Amino acid sequence: MSLDRLSLNTATTKRWTLQEAVDGAVRGGLPAIGVWRDRVQEAGVTEAAKIVADAGLRVSSLCRGGFLTAEDEGDATAALDDNRRAIVEAATLGTRELIMVVGGLPAATAPGGPARPGTTGRDLVGARQRVADRIGELAPFAAGHGVRLVLEPLHPIFAADRAVISTLGQALDLAEPFPADVVGVVVDTYHVWWDPDLQRQIARAGAQKRIASYQVCDWILPLAADALLSRGHVGDGYIDFATITRWVAETGYTGDVEVEIFNQAIWDAPGDETVRTLAERYERLVLPHL
C-alpha cells in the first residue's frame, strides 16, 4: 500500500497511550501521527516529542487549541494562556499545525452549562468577533514559534457548544487578515461535506495556500445520542470522498491525510484492527483521488 501521506489521529485509537499509538502506526506502515494534547500531557511534552521522533514518525498536527469565545475577562485570559502553551507544545513536537476548535456560545460552554449571571451568553455575532480578536492576539506568538493556527469549521450541529464557525468560508474570512503561514484552515470531511459552497471554498483556500490539514472520516446514521460520536470509517456512511478529495487535490495540497474518528464501537475495537481498516479504506477510497 502507498501510505506515505496517511496519518493516524490519536483520537481514532482513543484507548491507546501515545506510545501505543506510535507503535501501532509503525506496525501499520503509517509515516505520520496527529496528536491530541491529552496524550501529550500524559507523557509530558518533552517525552512525547522523543517518543514520536525515536519512531521516525512526523507529527501532522496537534489538536487542539481554541475555545476563545468567553465573555468573562478571567476566562478569556486563561484561554489565551492555554493556547500559548499549546503553541509551544506544537513547536516542541515539531509540527507547524495547531488545530483550533474556536469554541461555542458562553451559555453552552460556561462551567456547569448555563451562562453567568448578567450575561445572555447567546450573542453569536459577538462570540465570532471575540474569536477574531483573540486569533489576532495569538497570531504573533504563533508566528514567533513557527506554528500556524489552523481554524477548523465544525458542522452547525456543534455551533452552540464547540465552534461558532460552521463553514469553510467563515474560517477563511477569519484567516484572511493574516499571512497564510500563520493562520490556515483544515478541511474535515465530517464537518463540511454538506456545504453547497464547498467546492468554491476549497478552491479559495487552495488559492490562498491556507489548507493546512485534510482530515477524513464518514458521516454515519443513525446519529448517536452524542452526535460527536457519529463518525465512521471512510466508506461506511454518506460522504462523497472521491469528489471532495479531488477538490482538495486540485488545489495542489500535498500534505498528510489524517483519519480522525470519534466512535465508541471503533474505540472498543482492537487498535491494530482499526489501523488496518483505515489504511485499507484510505488506499481504496481516498488515495486514487489525491
# chains A, B, ... in the order shown; residues from 1 in each chain; ligands from 1
$ residues_around --residues "A:Ala49" --least-positions-apart "6" --cutoff "10 Å" --atoms "only C-alpha atoms" --output "list in words"
Val40, Ala43, Arg58, Val59, Glu89, Ala90, Ala91, Thr92, Leu93 and Gly94 of chain A
$ residues_around --residues "stretch 274-282 of chain A" --least-positions-apart "5" --cutoff "8 Å" --atoms "only C-alpha atoms" --output "list in words"
Leu3, Leu6, Leu8, Thr13, Gly24, Ala25, Gly28, His233, Val234, Gly235, Val259, Ile266, Ala269 and Leu287 of chain A
$ atom_distance --atom1 "atom CA of A:Ala265" --atom2 "atom CA of A:Ser166"
26.7 Å
$ select_by_dssp --residues "stretch 58-198 of chain A" --states "alpha helix (DSSP H)" --output "number ranges by chain"
A: 73-93, 106-109, 124-144, 168-175, 189-192, 198
$ select_by_dssp --residues "stretch 23-248 of chain A" --states "strand (DSSP E)" --output "PyMOL selection string"
chain A and resi 32-36+58-66+97-101+148-151+183-188+211-216+218-219+231-232
$ residues_around --residues "A:Leu138" --least-positions-apart "5" --cutoff "12 Å" --atoms "only C-alpha atoms" --output "PDB file with all heavy atoms, in the first residue's frame"
ATOM      1  N   GLY A  65      -6.057  23.682  20.056  1.00  0.00           N
ATOM      2  CA  GLY A  65      -6.184  24.968  20.712  1.00  0.00           C
ATOM      3  C   GLY A  65      -7.600  25.466  20.505  1.00  0.00           C
ATOM      4  O   GLY A  65      -8.478  24.756  20.016  1.00  0.00           O
ATOM      5  N   GLY A  66      -7.831  26.726  20.886  1.00  0.00           N
ATOM      6  CA  GLY A  66      -9.135  27.321  20.638  1.00  0.00           C
ATOM      7  C   GLY A  66      -9.909  27.642  21.889  1.00  0.00           C
ATOM      8  O   GLY A  66      -9.355  28.016  22.910  1.00  0.00           O
ATOM      9  N   LEU A  68     -12.200  30.185  22.369  1.00  0.00           N
ATOM     10  CA  LEU A  68     -11.825  31.591  22.508  1.00  0.00           C
ATOM     11  C   LEU A  68     -13.021  32.524  22.665  1.00  0.00           C
ATOM     12  O   LEU A  68     -12.879  33.731  22.474  1.00  0.00           O
ATOM     13  CB  LEU A  68     -11.014  32.021  21.277  1.00  0.00           C
ATOM     14  CG  LEU A  68      -9.701  31.268  21.052  1.00  0.00           C
ATOM     15  CD1 LEU A  68      -9.115  31.623  19.694  1.00  0.00           C
ATOM     16  CD2 LEU A  68      -8.707  31.572  22.160  1.00  0.00           C
ATOM     17  N   THR A  77      -8.554  35.300  29.576  1.00  0.00           N
ATOM     18  CA  THR A  77      -7.109  35.287  29.841  1.00  0.00           C
ATOM     19  C   THR A  77      -6.599  33.872  29.985  1.00  0.00           C
ATOM     20  O   THR A  77      -5.546  33.506  29.440  1.00  0.00           O
ATOM     21  CB  THR A  77      -6.799  36.100  31.097  1.00  0.00           C
ATOM     22  OG1 THR A  77      -7.181  37.464  30.886  1.00  0.00           O
ATOM     23  CG2 THR A  77      -5.311  36.043  31.433  1.00  0.00           C
ATOM     24  N   ALA A  79      -7.900  31.180  28.674  1.00  0.00           N
ATOM     25  CA  ALA A  79      -7.925  30.530  27.368  1.00  0.00           C
ATOM     26  C   ALA A  79      -6.729  30.947  26.519  1.00  0.00           C
ATOM     27  O   ALA A  79      -6.104  30.109  25.852  1.00  0.00           O
ATOM     28  CB  ALA A  79      -9.228  30.861  26.653  1.00  0.00           C
ATOM     29  N   LEU A  80      -6.398  32.227  26.533  1.00  0.00           N
ATOM     30  CA  LEU A  80      -5.238  32.688  25.767  1.00  0.00           C
ATOM     31  C   LEU A  80      -3.950  32.067  26.294  1.00  0.00           C
ATOM     32  O   LEU A  80      -3.073  31.654  25.515  1.00  0.00           O
ATOM     33  CB  LEU A  80      -5.157  34.213  25.803  1.00  0.00           C
ATOM     34  CG  LEU A  80      -6.235  34.949  25.004  1.00  0.00           C
ATOM     35  CD1 LEU A  80      -6.226  36.440  25.353  1.00  0.00           C
ATOM     36  CD2 LEU A  80      -6.022  34.754  23.502  1.00  0.00           C
ATOM     37  N   ASP A  81      -3.825  31.974  27.603  1.00  0.00           N
ATOM     38  CA  ASP A  81      -2.642  31.350  28.194  1.00  0.00           C
ATOM     39  C   ASP A  81      -2.536  29.886  27.778  1.00  0.00           C
ATOM     40  O   ASP A  81      -1.444  29.389  27.453  1.00  0.00           O
ATOM     41  CB  ASP A  81      -2.684  31.457  29.716  1.00  0.00           C
ATOM     42  CG  ASP A  81      -2.424  32.867  30.220  1.00  0.00           C
ATOM     43  OD1 ASP A  81      -1.927  33.708  29.433  1.00  0.00           O
ATOM     44  OD2 ASP A  81      -2.717  33.137  31.408  1.00  0.00           O
ATOM     45  N   ASP A  82      -3.671  29.174  27.768  1.00  0.00           N
ATOM     46  CA  ASP A  82      -3.654  27.764  27.379  1.00  0.00           C
ATOM     47  C   ASP A  82      -3.288  27.617  25.904  1.00  0.00           C
ATOM     48  O   ASP A  82      -2.557  26.689  25.532  1.00  0.00           O
ATOM     49  CB  ASP A  82      -5.019  27.124  27.643  1.00  0.00           C
ATOM     50  CG  ASP A  82      -5.011  25.630  27.357  1.00  0.00           C
ATOM     51  OD1 ASP A  82      -4.236  24.904  28.017  1.00  0.00           O
ATOM     52  OD2 ASP A  82      -5.744  25.191  26.452  1.00  0.00           O
ATOM     53  N   ASN A  83      -3.756  28.524  25.083  1.00  0.00           N
ATOM     54  CA  ASN A  83      -3.398  28.466  23.669  1.00  0.00           C
ATOM     55  C   ASN A  83      -1.916  28.739  23.456  1.00  0.00           C
ATOM     56  O   ASN A  83      -1.300  28.132  22.569  1.00  0.00           O
ATOM     57  CB  ASN A  83      -4.253  29.444  22.872  1.00  0.00           C
ATOM     58  CG  ASN A  83      -5.600  28.854  22.501  1.00  0.00           C
ATOM     59  OD1 ASN A  83      -5.724  28.159  21.498  1.00  0.00           O
ATOM     60  ND2 ASN A  83      -6.612  29.102  23.315  1.00  0.00           N
ATOM     61  N   ARG A  84      -1.353  29.626  24.237  1.00  0.00           N
ATOM     62  CA  ARG A  84       0.101  29.850  24.120  1.00  0.00           C
ATOM     63  C   ARG A  84       0.864  28.589  24.513  1.00  0.00           C
ATOM     64  O   ARG A  84       1.876  28.241  23.889  1.00  0.00           O
ATOM     65  CB  ARG A  84       0.512  31.048  24.980  1.00  0.00           C
ATOM     66  CG  ARG A  84      -0.046  32.381  24.458  1.00  0.00           C
ATOM     67  CD  ARG A  84       0.457  33.565  25.245  1.00  0.00           C
ATOM     68  NE  ARG A  84      -0.190  34.802  24.809  1.00  0.00           N
ATOM     69  CZ  ARG A  84      -1.215  35.375  25.437  1.00  0.00           C
ATOM     70  NH1 ARG A  84      -1.684  34.848  26.568  1.00  0.00           N
ATOM     71  NH2 ARG A  84      -1.767  36.476  24.961  1.00  0.00           N
ATOM     72  N   ARG A  85       0.380  27.883  25.543  1.00  0.00           N
ATOM     73  CA  ARG A  85       1.013  26.616  25.908  1.00  0.00           C
ATOM     74  C   ARG A  85       0.893  25.614  24.765  1.00  0.00           C
ATOM     75  O   ARG A  85       1.848  24.867  24.472  1.00  0.00           O
ATOM     76  CB  ARG A  85       0.377  26.050  27.181  1.00  0.00           C
ATOM     77  CG  ARG A  85       0.782  26.788  28.452  1.00  0.00           C
ATOM     78  CD  ARG A  85       0.363  26.022  29.696  1.00  0.00           C
ATOM     79  NE  ARG A  85      -1.083  25.968  29.850  1.00  0.00           N
ATOM     80  CZ  ARG A  85      -1.803  26.904  30.479  1.00  0.00           C
ATOM     81  NH1 ARG A  85      -1.200  27.975  31.000  1.00  0.00           N
ATOM     82  NH2 ARG A  85      -3.104  26.771  30.596  1.00  0.00           N
ATOM     83  N   ALA A  86      -0.256  25.585  24.117  1.00  0.00           N
ATOM     84  CA  ALA A  86      -0.454  24.659  23.001  1.00  0.00           C
ATOM     85  C   ALA A  86       0.489  24.984  21.845  1.00  0.00           C
ATOM     86  O   ALA A  86       1.014  24.076  21.182  1.00  0.00           O
ATOM     87  CB  ALA A  86      -1.904  24.709  22.528  1.00  0.00           C
ATOM     88  N   ILE A  87       0.704  26.253  21.596  1.00  0.00           N
ATOM     89  CA  ILE A  87       1.638  26.663  20.534  1.00  0.00           C
ATOM     90  C   ILE A  87       3.045  26.168  20.844  1.00  0.00           C
ATOM     91  O   ILE A  87       3.749  25.635  19.975  1.00  0.00           O
ATOM     92  CB  ILE A  87       1.600  28.195  20.369  1.00  0.00           C
ATOM     93  CG1 ILE A  87       0.265  28.625  19.727  1.00  0.00           C
ATOM     94  CG2 ILE A  87       2.788  28.690  19.546  1.00  0.00           C
ATOM     95  CD1 ILE A  87      -0.023  30.112  19.849  1.00  0.00           C
ATOM     96  N   VAL A  88       3.467  26.316  22.083  1.00  0.00           N
ATOM     97  CA  VAL A  88       4.794  25.834  22.483  1.00  0.00           C
ATOM     98  C   VAL A  88       4.869  24.316  22.349  1.00  0.00           C
ATOM     99  O   VAL A  88       5.881  23.763  21.887  1.00  0.00           O
ATOM    100  CB  VAL A  88       5.119  26.291  23.918  1.00  0.00           C
ATOM    101  CG1 VAL A  88       6.404  25.640  24.413  1.00  0.00           C
ATOM    102  CG2 VAL A  88       5.228  27.815  23.985  1.00  0.00           C
ATOM    103  N   LEU A  98      -1.355  23.702  14.425  1.00  0.00           N
ATOM    104  CA  LEU A  98      -2.135  23.603  15.654  1.00  0.00           C
ATOM    105  C   LEU A  98      -3.607  23.771  15.296  1.00  0.00           C
ATOM    106  O   LEU A  98      -4.043  24.849  14.897  1.00  0.00           O
ATOM    107  CB  LEU A  98      -1.718  24.676  16.661  1.00  0.00           C
ATOM    108  CG  LEU A  98      -2.568  24.749  17.942  1.00  0.00           C
ATOM    109  CD1 LEU A  98      -2.480  23.444  18.746  1.00  0.00           C
ATOM    110  CD2 LEU A  98      -2.159  25.946  18.800  1.00  0.00           C
ATOM    111  N   MET A 100      -7.393  24.459  15.669  1.00  0.00           N
ATOM    112  CA  MET A 100      -8.120  25.366  16.555  1.00  0.00           C
ATOM    113  C   MET A 100      -9.624  25.105  16.456  1.00  0.00           C
ATOM    114  O   MET A 100     -10.240  25.360  15.410  1.00  0.00           O
ATOM    115  CB  MET A 100      -7.827  26.818  16.177  1.00  0.00           C
ATOM    116  CG  MET A 100      -6.363  27.207  16.184  1.00  0.00           C
ATOM    117  SD  MET A 100      -5.668  27.327  17.843  1.00  0.00           S
ATOM    118  CE  MET A 100      -6.428  28.846  18.410  1.00  0.00           C
ATOM    119  N   VAL A 131     -13.669  35.601  18.791  1.00  0.00           N
ATOM    120  CA  VAL A 131     -12.731  34.669  18.161  1.00  0.00           C
ATOM    121  C   VAL A 131     -11.752  35.430  17.266  1.00  0.00           C
ATOM    122  O   VAL A 131     -10.532  35.222  17.334  1.00  0.00           O
ATOM    123  CB  VAL A 131     -13.485  33.596  17.343  1.00  0.00           C
ATOM    124  CG1 VAL A 131     -12.503  32.773  16.511  1.00  0.00           C
ATOM    125  CG2 VAL A 131     -14.285  32.685  18.264  1.00  0.00           C
ATOM    126  N   ALA A 132     -12.286  36.324  16.434  1.00  0.00           N
ATOM    127  CA  ALA A 132     -11.426  37.100  15.536  1.00  0.00           C
ATOM    128  C   ALA A 132     -10.405  37.916  16.327  1.00  0.00           C
ATOM    129  O   ALA A 132      -9.205  37.945  15.982  1.00  0.00           O
ATOM    130  CB  ALA A 132     -12.286  38.013  14.663  1.00  0.00           C
ATOM    131  N   ASP A 133     -10.866  38.566  17.376  1.00  0.00           N
ATOM    132  CA  ASP A 133      -9.971  39.399  18.175  1.00  0.00           C
ATOM    133  C   ASP A 133      -8.868  38.564  18.815  1.00  0.00           C
ATOM    134  O   ASP A 133      -7.694  38.974  18.852  1.00  0.00           O
ATOM    135  CB  ASP A 133     -10.760  40.131  19.253  1.00  0.00           C
ATOM    136  CG  ASP A 133     -11.730  41.163  18.698  1.00  0.00           C
ATOM    137  OD1 ASP A 133     -11.584  41.542  17.519  1.00  0.00           O
ATOM    138  OD2 ASP A 133     -12.648  41.572  19.449  1.00  0.00           O
ATOM    139  N   ALA A 143       3.428  32.897  15.214  1.00  0.00           N
ATOM    140  CA  ALA A 143       4.421  33.148  14.172  1.00  0.00           C
ATOM    141  C   ALA A 143       5.838  33.092  14.735  1.00  0.00           C
ATOM    142  O   ALA A 143       6.756  32.566  14.094  1.00  0.00           O
ATOM    143  CB  ALA A 143       4.160  34.499  13.515  1.00  0.00           C
ATOM    144  N   GLY A 144       6.000  33.609  15.941  1.00  0.00           N
ATOM    145  CA  GLY A 144       7.314  33.598  16.569  1.00  0.00           C
ATOM    146  C   GLY A 144       7.819  32.209  16.892  1.00  0.00           C
ATOM    147  O   GLY A 144       9.031  32.008  17.077  1.00  0.00           O
ATOM    148  N   HIS A 145       6.910  31.246  16.967  1.00  0.00           N
ATOM    149  CA  HIS A 145       7.294  29.860  17.255  1.00  0.00           C
ATOM    150  C   HIS A 145       7.214  28.973  16.018  1.00  0.00           C
ATOM    151  O   HIS A 145       7.377  27.742  16.112  1.00  0.00           O
ATOM    152  CB  HIS A 145       6.396  29.288  18.353  1.00  0.00           C
ATOM    153  CG  HIS A 145       6.721  29.821  19.721  1.00  0.00           C
ATOM    154  ND1 HIS A 145       6.305  31.064  20.146  1.00  0.00           N
ATOM    155  CD2 HIS A 145       7.430  29.279  20.747  1.00  0.00           C
ATOM    156  CE1 HIS A 145       6.734  31.264  21.379  1.00  0.00           C
ATOM    157  NE2 HIS A 145       7.428  30.213  21.765  1.00  0.00           N
ATOM    158  N   VAL A 147       4.598  28.280  14.226  1.00  0.00           N
ATOM    159  CA  VAL A 147       3.389  27.460  14.300  1.00  0.00           C
ATOM    160  C   VAL A 147       2.249  28.190  13.602  1.00  0.00           C
ATOM    161  O   VAL A 147       2.116  29.411  13.729  1.00  0.00           O
ATOM    162  CB  VAL A 147       3.019  27.151  15.769  1.00  0.00           C
ATOM    163  CG1 VAL A 147       1.644  26.499  15.873  1.00  0.00           C
ATOM    164  CG2 VAL A 147       4.082  26.244  16.396  1.00  0.00           C
ATOM    165  N   ARG A 148       1.434  27.433  12.887  1.00  0.00           N
ATOM    166  CA  ARG A 148       0.264  28.001  12.220  1.00  0.00           C
ATOM    167  C   ARG A 148      -1.000  27.654  13.013  1.00  0.00           C
ATOM    168  O   ARG A 148      -1.201  26.510  13.417  1.00  0.00           O
ATOM    169  CB  ARG A 148       0.158  27.451  10.797  1.00  0.00           C
ATOM    170  CG  ARG A 148      -1.096  27.870  10.067  1.00  0.00           C
ATOM    171  CD  ARG A 148      -0.975  27.771   8.553  1.00  0.00           C
ATOM    172  NE  ARG A 148      -0.470  26.483   8.097  1.00  0.00           N
ATOM    173  CZ  ARG A 148      -0.293  26.192   6.799  1.00  0.00           C
ATOM    174  NH1 ARG A 148      -0.563  27.085   5.872  1.00  0.00           N
ATOM    175  NH2 ARG A 148       0.181  25.010   6.455  1.00  0.00           N
ATOM    176  N   LEU A 149      -1.848  28.646  13.223  1.00  0.00           N
ATOM    177  CA  LEU A 149      -3.155  28.444  13.837  1.00  0.00           C
ATOM    178  C   LEU A 149      -4.098  27.962  12.747  1.00  0.00           C
ATOM    179  O   LEU A 149      -4.348  28.669  11.769  1.00  0.00           O
ATOM    180  CB  LEU A 149      -3.670  29.743  14.452  1.00  0.00           C
ATOM    181  CG  LEU A 149      -2.732  30.433  15.449  1.00  0.00           C
ATOM    182  CD1 LEU A 149      -3.337  31.760  15.904  1.00  0.00           C
ATOM    183  CD2 LEU A 149      -2.452  29.531  16.649  1.00  0.00           C
ATOM    184  N   VAL A 150      -4.631  26.758  12.908  1.00  0.00           N
ATOM    185  CA  VAL A 150      -5.409  26.120  11.850  1.00  0.00           C
ATOM    186  C   VAL A 150      -6.878  26.085  12.270  1.00  0.00           C
ATOM    187  O   VAL A 150      -7.273  25.292  13.129  1.00  0.00           O
ATOM    188  CB  VAL A 150      -4.888  24.697  11.566  1.00  0.00           C
ATOM    189  CG1 VAL A 150      -5.671  24.067  10.409  1.00  0.00           C
ATOM    190  CG2 VAL A 150      -3.401  24.724  11.250  1.00  0.00           C
ATOM    191  N   PHE A 178      -4.474  37.553   7.968  1.00  0.00           N
ATOM    192  CA  PHE A 178      -3.174  37.080   8.424  1.00  0.00           C
ATOM    193  C   PHE A 178      -2.435  36.357   7.298  1.00  0.00           C
ATOM    194  O   PHE A 178      -3.052  35.807   6.390  1.00  0.00           O
ATOM    195  CB  PHE A 178      -3.349  36.137   9.620  1.00  0.00           C
ATOM    196  CG  PHE A 178      -4.167  36.715  10.730  1.00  0.00           C
ATOM    197  CD1 PHE A 178      -5.519  36.428  10.829  1.00  0.00           C
ATOM    198  CD2 PHE A 178      -3.604  37.594  11.649  1.00  0.00           C
ATOM    199  CE1 PHE A 178      -6.298  36.980  11.852  1.00  0.00           C
ATOM    200  CE2 PHE A 178      -4.361  38.149  12.660  1.00  0.00           C
ATOM    201  CZ  PHE A 178      -5.713  37.842  12.758  1.00  0.00           C
ATOM    202  N   VAL A 182       0.645  31.697   8.917  1.00  0.00           N
ATOM    203  CA  VAL A 182       0.348  31.978  10.323  1.00  0.00           C
ATOM    204  C   VAL A 182      -1.060  31.512  10.702  1.00  0.00           C
ATOM    205  O   VAL A 182      -1.274  30.983  11.794  1.00  0.00           O
ATOM    206  CB  VAL A 182       0.510  33.476  10.631  1.00  0.00           C
ATOM    207  CG1 VAL A 182       0.130  33.795  12.075  1.00  0.00           C
ATOM    208  CG2 VAL A 182       1.941  33.918  10.354  1.00  0.00           C
ATOM    209  N   VAL A 183      -2.022  31.688   9.818  1.00  0.00           N
ATOM    210  CA  VAL A 183      -3.388  31.225  10.070  1.00  0.00           C
ATOM    211  C   VAL A 183      -3.875  30.478   8.830  1.00  0.00           C
ATOM    212  O   VAL A 183      -3.911  31.037   7.730  1.00  0.00           O
ATOM    213  CB  VAL A 183      -4.349  32.382  10.405  1.00  0.00           C
ATOM    214  CG1 VAL A 183      -5.752  31.827  10.698  1.00  0.00           C
ATOM    215  CG2 VAL A 183      -3.852  33.176  11.608  1.00  0.00           C
TER     216      VAL A 183
END
$ closest_atom_pairs --of "stretch 81-172 of chain A" --to "stretch 185-209 of chain A" --cutoff "7 Å" --atoms "only C-alpha atoms" --output "Markdown table"
| residue | atom | partner | partner_atom | distance |
| --- | --- | --- | --- | --- |
| A:Val150 | CA | A:Val185 | CA | 4.7 |
| A:Leu151 | CA | A:Val185 | CA | 4.6 |
| A:Glu152 | CA | A:Val186 | CA | 5.3 |
| A:Pro153 | CA | A:His191 | CA | 6.8 |
| A:Leu154 | CA | A:His191 | CA | 5.0 |
| A:His155 | CA | A:His191 | CA | 4.4 |
| A:Thr167 | CA | A:Val192 | CA | 6.6 |
| A:Leu168 | CA | A:Gln201 | CA | 6.3 |
| A:Gly169 | CA | A:Gln201 | CA | 5.8 |
| A:Ala171 | CA | A:Val185 | CA | 6.6 |
| A:Leu172 | CA | A:Ala205 | CA | 6.9 |
$ write_last_selection --atoms "N, CA, C and O atoms" --output "short mmCIF file (atom, residue, chain, number, x, y, z; two decimals), in the first residue's frame"
data_model
loop_
_atom_site.label_atom_id
_atom_site.label_comp_id
_atom_site.auth_asym_id
_atom_site.auth_seq_id
_atom_site.Cartn_x
_atom_site.Cartn_y
_atom_site.Cartn_z
N VAL A 150 -4.63 26.76 12.91
CA VAL A 150 -5.41 26.12 11.85
C VAL A 150 -6.88 26.09 12.27
O VAL A 150 -7.27 25.29 13.13
N LEU A 151 -7.68 26.96 11.68
CA LEU A 151 -9.08 27.10 12.07
C LEU A 151 -9.89 25.94 11.50
O LEU A 151 -9.83 25.65 10.31
N GLU A 152 -10.67 25.32 12.39
CA GLU A 152 -11.49 24.18 11.96
C GLU A 152 -12.97 24.53 12.05
O GLU A 152 -13.51 24.67 13.16
N PRO A 153 -13.66 24.66 10.90
CA PRO A 153 -15.10 24.80 10.96
C PRO A 153 -15.73 23.47 11.36
O PRO A 153 -15.32 22.42 10.86
N LEU A 154 -16.70 23.53 12.25
CA LEU A 154 -17.42 22.33 12.68
C LEU A 154 -18.85 22.37 12.14
O LEU A 154 -19.42 23.45 11.93
N HIS A 155 -19.42 21.21 11.94
CA HIS A 155 -20.80 21.10 11.47
C HIS A 155 -21.70 21.97 12.35
O HIS A 155 -21.49 22.08 13.56
N THR A 167 -18.66 26.96 8.63
CA THR A 167 -18.34 26.72 7.22
C THR A 167 -16.89 27.05 6.93
O THR A 167 -16.26 27.87 7.62
N LEU A 168 -16.40 26.45 5.88
CA LEU A 168 -15.03 26.75 5.46
C LEU A 168 -14.92 28.21 5.05
O LEU A 168 -13.89 28.86 5.30
N GLY A 169 -15.97 28.76 4.47
CA GLY A 169 -15.95 30.17 4.10
C GLY A 169 -15.79 31.08 5.30
O GLY A 169 -15.03 32.06 5.26
N ALA A 171 -14.34 30.27 8.13
CA ALA A 171 -12.96 30.10 8.60
C ALA A 171 -11.99 30.91 7.75
O ALA A 171 -11.06 31.56 8.27
N LEU A 172 -12.20 30.91 6.45
CA LEU A 172 -11.31 31.67 5.56
C LEU A 172 -11.45 33.17 5.77
O LEU A 172 -10.47 33.91 5.71
#
$ closest_residue --among "A:Val22, A:Ile211, A:Leu57, A:Ala242" --to "A:His289" --atoms "only C-alpha atoms"
A:Ala242
$ decode --residues "stretch 125-131 of chain A" --atoms "all heavy atoms" --output "PDB file, in the first residue's frame"
ATOM      1  N   VAL A 125     -23.041  36.650  17.111  1.00  0.00           N
ATOM      2  CA  VAL A 125     -22.194  37.617  16.392  1.00  0.00           C
ATOM      3  C   VAL A 125     -21.044  38.068  17.291  1.00  0.00           C
ATOM      4  O   VAL A 125     -19.892  38.141  16.863  1.00  0.00           O
ATOM      5  CB  VAL A 125     -23.037  38.818  15.915  1.00  0.00           C
ATOM      6  CG1 VAL A 125     -22.135  39.902  15.327  1.00  0.00           C
ATOM      7  CG2 VAL A 125     -24.076  38.373  14.890  1.00  0.00           C
ATOM      8  N   GLY A 126     -21.355  38.360  18.541  1.00  0.00           N
ATOM      9  CA  GLY A 126     -20.320  38.776  19.475  1.00  0.00           C
ATOM     10  C   GLY A 126     -19.292  37.685  19.723  1.00  0.00           C
ATOM     11  O   GLY A 126     -18.089  37.954  19.836  1.00  0.00           O
ATOM     12  N   ALA A 127     -19.755  36.434  19.814  1.00  0.00           N
ATOM     13  CA  ALA A 127     -18.834  35.322  20.038  1.00  0.00           C
ATOM     14  C   ALA A 127     -17.860  35.187  18.873  1.00  0.00           C
ATOM     15  O   ALA A 127     -16.655  34.961  19.064  1.00  0.00           O
ATOM     16  CB  ALA A 127     -19.619  34.028  20.233  1.00  0.00           C
ATOM     17  N   ARG A 128     -18.373  35.336  17.660  1.00  0.00           N
ATOM     18  CA  ARG A 128     -17.486  35.244  16.496  1.00  0.00           C
ATOM     19  C   ARG A 128     -16.480  36.392  16.472  1.00  0.00           C
ATOM     20  O   ARG A 128     -15.324  36.207  16.072  1.00  0.00           O
ATOM     21  CB  ARG A 128     -18.319  35.213  15.216  1.00  0.00           C
ATOM     22  CG  ARG A 128     -19.052  33.893  15.024  1.00  0.00           C
ATOM     23  CD  ARG A 128     -19.992  33.914  13.844  1.00  0.00           C
ATOM     24  NE  ARG A 128     -20.602  32.602  13.652  1.00  0.00           N
ATOM     25  CZ  ARG A 128     -21.814  32.410  13.140  1.00  0.00           C
ATOM     26  NH1 ARG A 128     -22.559  33.440  12.764  1.00  0.00           N
ATOM     27  NH2 ARG A 128     -22.283  31.186  12.994  1.00  0.00           N
ATOM     28  N   GLN A 129     -16.911  37.567  16.902  1.00  0.00           N
ATOM     29  CA  GLN A 129     -15.981  38.693  16.933  1.00  0.00           C
ATOM     30  C   GLN A 129     -14.886  38.466  17.966  1.00  0.00           C
ATOM     31  O   GLN A 129     -13.719  38.803  17.737  1.00  0.00           O
ATOM     32  CB  GLN A 129     -16.726  39.995  17.238  1.00  0.00           C
ATOM     33  CG  GLN A 129     -15.836  41.234  17.182  1.00  0.00           C
ATOM     34  CD  GLN A 129     -15.167  41.411  15.836  1.00  0.00           C
ATOM     35  OE1 GLN A 129     -15.829  41.440  14.798  1.00  0.00           O
ATOM     36  NE2 GLN A 129     -13.837  41.519  15.833  1.00  0.00           N
ATOM     37  N   ARG A 130     -15.246  37.864  19.095  1.00  0.00           N
ATOM     38  CA  ARG A 130     -14.220  37.573  20.106  1.00  0.00           C
ATOM     39  C   ARG A 130     -13.206  36.570  19.567  1.00  0.00           C
ATOM     40  O   ARG A 130     -12.005  36.673  19.845  1.00  0.00           O
ATOM     41  CB  ARG A 130     -14.879  37.060  21.391  1.00  0.00           C
ATOM     42  CG  ARG A 130     -15.619  38.147  22.155  1.00  0.00           C
ATOM     43  CD  ARG A 130     -16.005  37.713  23.560  1.00  0.00           C
ATOM     44  NE  ARG A 130     -16.988  36.629  23.572  1.00  0.00           N
ATOM     45  CZ  ARG A 130     -18.304  36.800  23.454  1.00  0.00           C
ATOM     46  NH1 ARG A 130     -18.811  38.018  23.276  1.00  0.00           N
ATOM     47  NH2 ARG A 130     -19.134  35.775  23.500  1.00  0.00           N
ATOM     48  N   VAL A 131     -13.669  35.601  18.791  1.00  0.00           N
ATOM     49  CA  VAL A 131     -12.731  34.669  18.161  1.00  0.00           C
ATOM     50  C   VAL A 131     -11.752  35.430  17.266  1.00  0.00           C
ATOM     51  O   VAL A 131     -10.532  35.222  17.334  1.00  0.00           O
ATOM     52  CB  VAL A 131     -13.485  33.596  17.343  1.00  0.00           C
ATOM     53  CG1 VAL A 131     -12.503  32.773  16.511  1.00  0.00           C
ATOM     54  CG2 VAL A 131     -14.285  32.685  18.264  1.00  0.00           C
TER      55      VAL A 131
END
